[in-house]
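Asker: Enclosed is the structure file upload17.pdb (PDB, C-alpha atoms).
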ATOM      1  CA  MET W 550    -117.076  17.694 277.423
ATOM      2  CA  ARG W 551    -114.497  15.112 276.330
ATOM      3  CA  THR W 552    -111.199  16.314 274.861
ATOM      4  CA  PRO W 553    -110.948  15.257 271.186
ATOM      5  CA  GLN W 554    -108.555  12.351 270.601
ATOM      6  CA  PHE W 555    -106.255  12.433 267.562
ATOM      7  CA  ASP W 556    -104.491   9.319 266.302
ATOM      8  CA  SER W 557    -100.925  10.005 265.168
ATOM      9  CA  ASP W 558    -100.993   6.863 263.022
ATOM     10  CA  THR W 559    -103.357   8.747 260.731
ATOM     11  CA  LEU W 560    -100.339  10.716 259.503
ATOM     12  CA  LEU W 561     -98.350   7.678 258.360
ATOM     13  CA  PRO W 562    -100.447   6.827 255.274
ATOM     14  CA  LEU W 563    -100.330  10.505 254.269
ATOM     15  CA  PHE W 564     -96.533  10.605 254.429
ATOM     16  CA  ARG W 565     -96.141   7.262 252.663
ATOM     17  CA  ARG W 566     -98.424   8.389 249.866
ATOM     18  CA  ARG W 567     -96.939  11.870 249.334
ATOM     19  CA  GLN W 568     -93.474  11.745 251.009
ATOM     20  CA  VAL W 569     -93.579  15.524 251.510
ATOM     21  CA  VAL W 570     -96.608  17.204 253.116
ATOM     22  CA  THR W 571     -97.718  20.597 254.404
ATOM     23  CA  MET W 572     -99.186  21.619 257.733
ATOM     24  CA  ASP W 573    -102.658  22.021 256.195
ATOM     25  CA  GLN W 574    -102.541  18.505 254.781
ATOM     26  CA  MET W 575    -101.589  17.079 258.169
ATOM     27  CA  LYS W 576    -104.335  19.025 259.936
ATOM     28  CA  ALA W 577    -106.869  17.707 257.441
ATOM     29  CA  ALA W 578    -105.673  14.137 257.988
ATOM     30  CA  LEU W 579    -105.923  14.473 261.774
ATOM     31  CA  GLY W 580    -109.196  16.374 261.687
ATOM     32  CA  THR W 581    -107.888  19.370 263.612
ATOM     33  CA  THR W 582    -107.412  23.079 262.945
ATOM     34  CA  VAL W 583    -104.660  23.547 265.534
ATOM     35  CA  ASP W 584    -100.963  23.556 264.572
ATOM     36  CA  ARG W 585     -99.946  22.612 268.100
ATOM     37  CA  THR W 586    -101.887  19.370 267.848
ATOM     38  CA  VAL W 587    -100.012  18.433 264.689
ATOM     39  CA  PHE W 588     -96.621  19.164 266.243
ATOM     40  CA  ARG W 589     -97.558  17.124 269.306
ATOM     41  CA  LYS W 590     -98.322  14.132 267.076
ATOM     42  CA  LEU W 591     -95.261  14.700 264.888
ATOM     43  CA  ARG W 592     -93.031  14.356 267.942
ATOM     44  CA  GLU W 593     -93.890  10.656 267.960
ATOM     45  CA  PHE W 594     -91.908  10.232 264.707
ATOM     46  CA  PRO W 595     -88.427  11.420 263.700
ATOM     47  CA  TYR W 596     -89.242  14.116 261.133
ATOM     48  CA  HIS W 597     -87.675  17.000 259.206
ATOM     49  CA  SER W 598     -88.984  20.339 258.025
ATOM     50  CA  SER W 599     -87.645  21.782 254.777
ATOM     51  CA  TYR W 600     -84.854  24.340 254.857
ATOM     52  CA  SER W 601     -86.428  25.846 251.743
ATOM     53  CA  HIS W 602     -89.860  27.512 251.509
ATOM     54  CA  ARG W 603     -89.457  28.829 255.085
ATOM     55  CA  GLY W 604     -89.892  25.331 256.534
ATOM     56  CA  ARG W 605     -93.323  24.877 254.963
ATOM     57  CA  PHE W 606     -92.838  21.208 254.025
ATOM     58  CA  TYR W 607     -92.380  18.157 256.241
ATOM     59  CA  THR W 608     -91.146  14.609 255.763
ATOM     60  CA  LEU W 609     -90.315  11.629 257.959
ATOM     61  CA  ASP W 610     -86.709  10.669 258.581
ATOM     62  CA  ALA W 611     -87.421   7.158 257.282
ATOM     63  CA  LEU W 612     -88.528   8.596 253.923
ATOM     64  CA  ALA W 613     -85.699  11.090 253.374
ATOM     65  CA  ASP W 614     -82.900   9.684 251.214
ATOM     66  CA  PHE W 615     -80.094  12.054 252.234
ATOM     67  CA  ASP W 616     -76.986  12.146 250.048
ATOM     68  CA  ASP W 617     -73.429  12.153 251.374
ATOM     69  CA  ARG W 618     -73.685  15.918 251.884
ATOM     70  CA  GLY W 619     -76.723  15.440 254.134
ATOM     71  CA  LEU W 620     -79.180  16.898 251.597
ATOM     72  CA  TRP W 621     -82.362  15.552 249.986
ATOM     73  CA  SER W 622     -84.997  17.119 247.768
ATOM     74  CA  CYS W 623     -88.481  16.049 246.741
ATOM     75  CA  ASP W 624     -91.088  17.895 244.670
ATOM     76  CA  GLY W 625     -89.018  21.077 244.792
ATOM     77  CA  ALA W 626     -88.639  21.078 248.599
ATOM     78  CA  PHE W 627     -85.121  20.815 250.073
ATOM     79  CA  PHE W 628     -84.289  19.056 253.324
ATOM     80  CA  SER W 629     -81.095  18.792 255.347
ATOM     81  CA  ARG W 630     -79.914  16.309 257.920
ATOM     82  CA  PHE W 631     -78.555  19.334 259.792
ATOM     83  CA  GLY W 632     -81.979  20.994 260.183
ATOM     84  CA  THR W 633     -82.725  24.615 259.319
ATOM     85  CA  LEU W 634     -81.131  26.678 256.572
ATOM     86  CA  MET W 635     -78.943  28.494 259.092
ATOM     87  CA  ASP W 636     -77.770  25.246 260.695
ATOM     88  CA  THR W 637     -77.104  23.731 257.277
ATOM     89  CA  ALA W 638     -75.158  26.773 256.075
ATOM     90  CA  GLU W 639     -73.073  26.718 259.247
ATOM     91  CA  GLN W 640     -72.209  23.032 258.794
ATOM     92  CA  PHE W 641     -71.313  23.442 255.120
ATOM     93  CA  VAL W 642     -69.031  26.400 255.796
ATOM     94  CA  THR W 643     -67.390  24.841 258.854
ATOM     95  CA  ARG W 644     -66.640  21.576 257.045
ATOM     96  CA  SER W 645     -65.469  23.191 253.810
ATOM     97  CA  ASP W 646     -61.833  23.098 252.686
ATOM     98  CA  ARG W 647     -61.935  26.686 251.408
ATOM     99  CA  GLY W 648     -64.880  28.302 253.150
ATOM    100  CA  PHE W 649     -67.682  29.581 250.929
ATOM    101  CA  LEU W 650     -68.647  32.635 248.979
ATOM    102  CA  ALA W 651     -72.374  33.316 249.295
ATOM    103  CA  SER W 652     -72.776  32.568 245.579
ATOM    104  CA  GLU W 653     -70.988  29.229 245.929
ATOM    105  CA  LEU W 654     -73.131  28.121 248.853
ATOM    106  CA  THR W 655     -76.271  29.201 247.016
ATOM    107  CA  GLY W 656     -75.232  26.829 244.235
ATOM    108  CA  GLU W 657     -74.752  23.980 246.703
ATOM    109  CA  LEU W 658     -78.006  24.447 248.626
ATOM    110  CA  GLN W 659     -80.127  25.741 245.713
ATOM    111  CA  VAL W 660     -81.616  28.550 247.825
ATOM    112  CA  PRO W 661     -80.460  32.127 248.630
ATOM    113  CA  VAL W 662     -78.112  32.116 251.626
ATOM    114  CA  LYS W 663     -76.760  35.675 251.939
ATOM    115  CA  GLU W 664     -79.123  36.699 254.731
ATOM    116  CA  PRO W 665     -78.625  33.493 256.798
ATOM    117  CA  LEU W 666     -74.847  33.824 256.417
ATOM    118  CA  LEU W 667     -74.914  37.410 257.700
ATOM    119  CA  LYS W 668     -77.013  36.292 260.685
ATOM    120  CA  LEU W 669     -74.518  33.523 261.418
ATOM    121  CA  VAL W 670     -71.675  36.050 261.376
ATOM    122  CA  SER W 671     -73.655  38.381 263.651
ATOM    123  CA  ALA W 672     -74.250  35.473 266.053
ATOM    124  CA  GLN W 673     -70.506  34.656 265.939
ATOM    125  CA  ARG W 674     -71.216  31.199 264.527
ATOM    126  CA  LEU W 675     -69.198  32.002 261.388
ATOM    127  CA  VAL W 676     -66.474  34.492 260.446
ATOM    128  CA  ARG W 677     -66.425  36.616 257.291
ATOM    129  CA  LYS W 678     -63.115  37.565 255.661
ATOM    130  CA  GLN W 679     -62.398  39.573 252.528
ATOM    131  CA  VAL W 680     -60.265  37.767 249.949
ATOM    132  CA  ALA W 681     -59.484  39.305 246.559
ATOM    133  CA  GLY W 682     -62.386  41.717 246.901
ATOM    134  CA  GLN W 683     -64.931  39.019 247.819
ATOM    135  CA  TYR W 684     -66.320  37.994 251.196
ATOM    136  CA  VAL W 685     -65.468  34.431 252.195
ATOM    137  CA  TYR W 686     -67.396  32.815 255.050
ATOM    138  CA  CYS W 687     -65.169  30.699 257.254
ATOM    139  CA  ALA W 688     -65.195  28.557 260.392
ATOM    140  CA  THR W 689     -64.928  30.196 263.810
ATOM    141  CA  ASP W 690     -62.173  27.761 264.825
ATOM    142  CA  ALA W 691     -58.931  29.667 264.248
ATOM    143  CA  ALA W 692     -56.922  26.699 262.951
ATOM    144  CA  LYS W 693     -59.636  25.617 260.517
ATOM    145  CA  ARG W 694     -60.181  29.200 259.364
ATOM    146  CA  THR W 695     -56.472  29.652 258.687
ATOM    147  CA  GLN W 696     -56.475  26.482 256.593
ATOM    148  CA  GLN W 697     -59.520  27.650 254.624
ATOM    149  CA  LEU W 698     -57.992  31.060 253.895
ATOM    150  CA  GLN W 699     -54.676  29.498 252.892
ATOM    151  CA  GLN W 700     -56.525  27.405 250.334
ATOM    152  CA  ARG W 701     -58.191  30.554 249.001
ATOM    153  CA  HIS W 702     -54.849  32.374 248.760
ATOM    154  CA  MET W 703     -52.963  29.401 247.286
ATOM    155  CA  PRO W 704     -51.607  30.466 243.888
ATOM    156  CA  MET W 705     -52.460  28.185 240.979
ATOM    157  CA  THR W 706     -49.637  27.253 238.653
ATOM    158  CA  ALA W 707     -49.266  24.808 235.821
ATOM    159  CA  GLU W 708     -47.302  22.497 238.109
ATOM    160  CA  THR W 709     -50.086  22.301 240.695
ATOM    161  CA  LEU W 710     -52.862  21.472 238.223
ATOM    162  CA  PRO W 711     -53.081  17.758 237.341
ATOM    163  CA  PHE W 712     -54.827  18.319 233.997
ATOM    164  CA  LEU W 713     -51.613  19.903 232.711
ATOM    165  CA  ARG W 714     -49.890  16.520 232.619
ATOM    166  CA  ASP W 715     -49.115  15.062 229.185
ATOM    167  CA  PRO W 716     -50.317  15.710 226.547
ATOM    168  CA  LEU W 717     -51.256  19.218 227.706
ATOM    169  CA  ALA W 718     -47.909  19.625 229.425
ATOM    170  CA  GLN W 719     -46.472  20.634 226.058
ATOM    171  CA  SER W 720     -49.123  23.325 225.497
ATOM    172  CA  SER W 721     -48.148  26.938 224.999
ATOM    173  CA  ASP W 722     -47.897  29.328 227.929
ATOM    174  CA  GLU W 723     -51.035  31.076 226.655
ATOM    175  CA  THR W 724     -52.992  27.813 226.745
ATOM    176  CA  LYS W 725     -51.750  27.018 230.247
ATOM    177  CA  ALA W 726     -52.715  30.484 231.452
ATOM    178  CA  ALA W 727     -56.184  30.091 229.947
ATOM    179  CA  ILE W 728     -56.692  26.717 231.644
ATOM    180  CA  ILE W 729     -55.502  28.064 235.006
ATOM    181  CA  LEU W 730     -57.866  31.021 234.671
ATOM    182  CA  PHE W 731     -60.722  28.629 233.900
ATOM    183  CA  PHE W 732     -59.955  26.484 236.962
ATOM    184  CA  SER W 733     -59.958  29.564 239.211
ATOM    185  CA  THR W 734     -63.563  30.321 238.187
ATOM    186  CA  LEU W 735     -64.918  26.957 239.346
ATOM    187  CA  ASN W 736     -67.021  26.859 242.480
ATOM    188  CA  GLU W 737     -66.467  24.317 245.230
ATOM    189  CA  ARG W 738     -68.781  21.723 243.721
ATOM    190  CA  GLN W 739     -67.170  22.024 240.293
ATOM    191  CA  ARG W 740     -63.666  21.691 241.746
ATOM    192  CA  ARG W 741     -64.799  18.585 243.627
ATOM    193  CA  LEU W 742     -66.166  17.005 240.453
ATOM    194  CA  TYR W 743     -63.095  17.915 238.441
ATOM    195  CA  ALA W 744     -60.771  16.462 241.095
ATOM    196  CA  GLY W 745     -62.894  13.304 241.158
ATOM    197  CA  LEU W 746     -62.581  13.014 237.368
ATOM    198  CA  GLU W 747     -58.791  13.328 237.512
ATOM    199  CA  SER W 748     -58.683  10.723 240.284
ATOM    200  CA  LEU W 749     -60.676   8.331 238.105
ATOM    201  CA  ARG W 750     -58.196   8.868 235.270
ATOM    202  CA  LEU W 751     -55.271   8.014 237.551
ATOM    203  CA  GLY W 752     -56.870   4.903 239.023
ATOM    204  CA  HIS W 753     -55.512   3.344 242.222
ATOM    205  CA  GLY W 754     -54.142   5.991 244.605
ATOM    206  CA  GLY W 755     -55.671   8.779 242.560
ATOM    207  CA  ASP W 756     -57.400  10.475 245.482
ATOM    208  CA  SER W 757     -54.156  10.896 247.426
ATOM    209  CA  HIS W 758     -52.216  12.052 244.376
ATOM    210  CA  ILE W 759     -54.791  14.668 243.392
ATOM    211  CA  ALA W 760     -55.071  15.806 247.017
ATOM    212  CA  ALA W 761     -51.324  16.441 247.106
ATOM    213  CA  LEU W 762     -51.447  18.407 243.862
ATOM    214  CA  THR W 763     -54.543  20.512 244.519
ATOM    215  CA  GLY W 764     -54.631  20.828 248.307
ATOM    216  CA  LEU W 765     -58.173  19.422 248.407
ATOM    217  CA  ASP W 766     -59.096  16.967 251.136
ATOM    218  CA  VAL W 767     -59.038  13.315 250.007
ATOM    219  CA  HIS W 768     -62.610  12.896 251.268
ATOM    220  CA  THR W 769     -63.723  15.799 249.061
ATOM    221  CA  ILE W 770     -62.083  14.174 246.047
ATOM    222  CA  ALA W 771     -63.615  10.802 246.897
ATOM    223  CA  LYS W 772     -67.021  12.489 247.108
ATOM    224  CA  GLY W 773     -66.599  14.011 243.653
ATOM    225  CA  ARG W 774     -65.494  10.657 242.245
ATOM    226  CA  SER W 775     -68.500   8.903 243.811
ATOM    227  CA  GLU W 776     -70.909  11.516 242.413
ATOM    228  CA  LEU W 777     -69.523  11.008 238.919
ATOM    229  CA  LEU W 778     -69.690   7.215 239.136
ATOM    230  CA  ALA W 779     -73.258   7.388 240.451
ATOM    231  CA  HIS W 780     -74.208   9.950 237.768
ATOM    232  CA  ASP W 781     -75.335  12.125 240.690
ATOM    233  CA  VAL W 782     -74.650  15.451 238.966
ATOM    234  CA  ARG W 783     -77.412  18.032 238.594
ATOM    235  CA  LEU W 784     -77.372  19.658 235.187
ATOM    236  CA  GLU W 785     -78.507  23.231 235.617
ATOM    237  CA  ARG W 786     -80.114  25.443 232.957
ATOM    238  CA  ILE W 787     -77.487  27.508 231.151
ATOM    239  CA  ARG W 788     -79.821  30.137 229.743
ATOM    240  CA  ARG W 789     -82.662  31.938 231.437
ATOM    241  CA  PRO W 790     -86.112  30.729 230.419
ATOM    242  CA  GLY W 791     -86.974  32.528 227.184
ATOM    243  CA  ALA W 792     -83.339  33.367 226.387
ATOM    244  CA  GLY W 793     -81.561  32.322 223.217
ATOM    245  CA  ARG W 794     -82.746  32.353 219.642
ATOM    246  CA  PRO W 795     -86.487  32.064 218.976
ATOM    247  CA  ARG W 796     -87.767  28.760 217.621
ATOM    248  CA  LEU W 797     -87.953  28.529 213.841
ATOM    249  CA  GLU W 798     -91.722  28.024 213.948
ATOM    250  CA  LYS W 799     -92.187  31.192 215.978
ATOM    251  CA  LYS W 800     -89.807  33.168 213.781
ATOM    252  CA  HIS W 801     -91.533  31.927 210.619
ATOM    253  CA  ARG W 802     -94.945  32.811 212.023
ATOM    254  CA  LYS W 803     -93.819  36.401 212.698
ATOM    255  CA  SER W 804     -92.408  36.755 209.188
ATOM    256  CA  SER W 805     -95.647  35.496 207.652
ATOM    257  CA  THR W 806     -97.648  37.984 209.692
ATOM    258  CA  ARG W 807     -95.525  40.898 208.501
ATOM    259  CA  SER W 808     -95.813  39.846 204.817
ATOM    260  CA  LYS W 809     -99.608  39.652 205.036
ATOM    261  CA  SER W 810     -99.861  43.095 206.553
TER     262      SER W 810
END
Just dump the structure as structure tokens.
Answerer:
Amino acid sequence: MRTPQFDSDTLLPLFRRRQVVTMDQMKAALGTTVDRTVFRKLREFPYHSSYSHRGRFYTLDALADFDDRGLWSCDGAFFSRFGTLMDTAEQFVTRSDRGFLASELTGELQVPVKEPLLKLVSAQRLVRKQVAGQYVYCATDAAKRTQQLQQRHMPMTAETLPFLRDPLAQSSDETKAAIILFFSTLNERQRRLYAGLESLRLGHGGDSHIAALTGLDVHTIAKGRSELLAHDVRLERIRRPGAGRPRLEKKHRKSSTRSKS
């Protein structure tokens, strides 16, 4: 009995049409029921599996439009140039100026990361340190980790924050304290965008000037500036679905129902 032959080129039209596909869709295209056959054919193309949805989705490298962070999403599936969620989390933490809280990294990657981070610490691929009552995940390299923790411990004063230049420089102490408190609540992405905005306001040499004032890396500031110029900023929902005041139509309908009864 002849061994069935499967043509890997059958997968290309599927990927071009959908960009992101599942294992079942690839098996149907090849005419097989065996996962191993699909993986054998996939090896003929550079491909990526999603770091979200437990790696359920696949795309070809040629189709993935990774941003400068190495991330790309399509139809709700998230992909990383670094590979799996654990590998991606490790790279983000290791390259970060300040390390990451689990909540901050969740905001960056758009998926829960607490469990992968704990596994990375257990495998000695990351280090966890407590700072101001919160766990910060840092690089294993001692010099890099020291730099990250110093950034976390760096006190914020009116003199170190560029948005307190004129005209806000003449604000009251209470206003300055409020602004400093606000800045301390920003996550890494928000600080990057803010620093990029201030750099744009300064113009030529802004990246270096803001880096000196805030302690952020110039490349981080340049990234924030580029995201703003490219309008590459994801606006996230502020309220939970269903939160907030009810629509007037709905409220009016309820009132009418009560009056009739």
Asker: Could you state the separation of CA of Leu675 (chain W) and CA of Gln696 (chain W) in Å, given to one decimal place?
Answerer: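 Between CA of Leu675 (chain W) and CA of Gln696 (chain W) the gap works out to 14.7 Å.
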Asker: Apply the PyMOL selection byres ((chain W and resi 644) around 12) to the displayed file and report the matching residues as a PyMOL selection string.
Answerer: chain W and resi 618+637-643+645-649+675+686-690+693-694+696-697+766+768-769
Asker: For Thr633 (chain W), which of W:Lys678, W:Arg605, W:Arg592, W:His702 is the closest residue, counting only C-alpha atoms?
Answerer: W:Arg605
Asker: Neighbouring residues of Val587 (chain W) were defined as those with any atom within 7 Å, considering all atoms listed in the file; residues of the same chain fewer than 3 positions away were excluded. Please report them as a PyMOL selection string.
Answerer: chain W and resi 575-576+583-584+590-591
Asker: What separation in Å, quoted to one decimal, exists between CA of Asp558 (chain W) and CA of Phe606 (chain W)?
Answerer: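 Result for CA of Asp558 (chain W) versus CA of Phe606 (chain W): 18.8 Å, one decimal.
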Asker: Quick one, how far is CA of Gln699 (chain W) from CA of Glu747 (chain W)?
Answerer: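 Separation of CA of Gln699 (chain W) and CA of Glu747 (chain W): 22.7 Å.
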Asker: Given the file shown, determine the residues that the PyMOL selection byres ((chain W and resi 628) around 10) selects; report them as a CSV table (one decimal) with C-alpha atoms, in the coordinates of the input.
Answerer:
chain,number,residue,atom,x,y,z
W,597,HIS,CA,-87.7,17.0,259.2
W,598,SER,CA,-89.0,20.3,258.0
W,599,SER,CA,-87.6,21.8,254.8
W,600,TYR,CA,-84.9,24.3,254.9
W,601,SER,CA,-86.4,25.8,251.7
W,604,GLY,CA,-89.9,25.3,256.5
W,606,PHE,CA,-92.8,21.2,254.0
W,607,TYR,CA,-92.4,18.2,256.2
W,608,THR,CA,-91.1,14.6,255.8
W,613,ALA,CA,-85.7,11.1,253.4
W,614,ASP,CA,-82.9,9.7,251.2
W,615,PHE,CA,-80.1,12.1,252.2
W,619,GLY,CA,-76.7,15.4,254.1
W,620,LEU,CA,-79.2,16.9,251.6
W,621,TRP,CA,-82.4,15.6,250.0
W,622,SER,CA,-85.0,17.1,247.8
W,623,CYS,CA,-88.5,16.0,246.7
W,625,GLY,CA,-89.0,21.1,244.8
W,626,ALA,CA,-88.6,21.1,248.6
W,627,PHE,CA,-85.1,20.8,250.1
W,629,SER,CA,-81.1,18.8,255.3
W,630,ARG,CA,-79.9,16.3,257.9
W,631,PHE,CA,-78.6,19.3,259.8
W,632,GLY,CA,-82.0,21.0,260.2
W,633,THR,CA,-82.7,24.6,259.3
W,634,LEU,CA,-81.1,26.7,256.6
W,637,THR,CA,-77.1,23.7,257.3
W,658,LEU,CA,-78.0,24.4,248.6
Asker: Using the chain letters and numbers from this file, what does the PyMOL selection byres ((chain W and resi 776-779) around 10) select? Give the answer as number ranges by chain.
Answerer: W: 616-617, 741-743, 745-746, 749, 770-775, 780-783
Asker: Kindly extract all protein, DNA and RNA residues lying within 10 Å of the coordinates (-66.3, 32.2, 246.3) given in the file, considering all atoms listed in the file, and supply them as a short mmCIF file (atom, residue, chain, number, x, y, z; two decimals) with C-alpha atoms, keeping the file's coordinate frame.
Answerer:
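Once written, result.cif looks like this:
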data_model
loop_
_atom_site.label_atom_id
_atom_site.label_comp_id
_atom_site.auth_asym_id
_atom_site.auth_seq_id
_atom_site.Cartn_x
_atom_site.Cartn_y
_atom_site.Cartn_z
CA ARG W 647 -61.94 26.69 251.41
CA GLY W 648 -64.88 28.30 253.15
CA PHE W 649 -67.68 29.58 250.93
CA LEU W 650 -68.65 32.64 248.98
CA ALA W 651 -72.37 33.32 249.30
CA SER W 652 -72.78 32.57 245.58
CA GLU W 653 -70.99 29.23 245.93
CA LEU W 654 -73.13 28.12 248.85
CA VAL W 680 -60.26 37.77 249.95
CA ALA W 681 -59.48 39.30 246.56
CA GLN W 683 -64.93 39.02 247.82
CA TYR W 684 -66.32 37.99 251.20
CA VAL W 685 -65.47 34.43 252.20
CA TYR W 686 -67.40 32.82 255.05
CA ARG W 701 -58.19 30.55 249.00
CA SER W 733 -59.96 29.56 239.21
CA THR W 734 -63.56 30.32 238.19
CA LEU W 735 -64.92 26.96 239.35
CA ASN W 736 -67.02 26.86 242.48
CA GLU W 737 -66.47 24.32 245.23
#
Asker: Supply region 662-673 of chain W as a short mmCIF file (atom, residue, chain, number, x, y, z; two decimals), keeping the file's coordinate frame, with N, CA and C atoms built in where the input has gaps.
Answerer:
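result_38.cif, freshly written:
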data_model
loop_
_atom_site.label_atom_id
_atom_site.label_comp_id
_atom_site.auth_asym_id
_atom_site.auth_seq_id
_atom_site.Cartn_x
_atom_site.Cartn_y
_atom_site.Cartn_z
N VAL W 662 -78.70 32.32 250.30
CA VAL W 662 -78.11 32.12 251.63
C VAL W 662 -77.46 33.37 252.19
N LYS W 663 -77.48 34.49 251.47
CA LYS W 663 -76.76 35.67 251.94
C LYS W 663 -77.27 36.14 253.30
N GLU W 664 -78.57 36.24 253.46
CA GLU W 664 -79.12 36.70 254.73
C GLU W 664 -78.81 35.73 255.89
N PRO W 665 -79.01 34.41 255.71
CA PRO W 665 -78.62 33.49 256.80
C PRO W 665 -77.14 33.57 257.15
N LEU W 666 -76.28 33.73 256.14
CA LEU W 666 -74.85 33.82 256.42
C LEU W 666 -74.52 35.06 257.25
N LEU W 667 -75.15 36.19 256.93
CA LEU W 667 -74.91 37.41 257.70
C LEU W 667 -75.40 37.25 259.14
N LYS W 668 -76.51 36.55 259.33
CA LYS W 668 -77.01 36.29 260.68
C LYS W 668 -76.06 35.39 261.46
N LEU W 669 -75.48 34.41 260.77
CA LEU W 669 -74.52 33.52 261.42
C LEU W 669 -73.26 34.28 261.84
N VAL W 670 -72.83 35.22 261.01
CA VAL W 670 -71.68 36.05 261.38
C VAL W 670 -72.03 36.93 262.57
N SER W 671 -73.22 37.53 262.55
CA SER W 671 -73.66 38.38 263.65
C SER W 671 -73.74 37.60 264.96
N ALA W 672 -74.14 36.32 264.86
CA ALA W 672 -74.25 35.47 266.05
C ALA W 672 -72.93 34.83 266.43
N GLN W 673 -71.86 35.18 265.70
CA GLN W 673 -70.51 34.66 265.94
C GLN W 673 -70.44 33.14 265.76
#
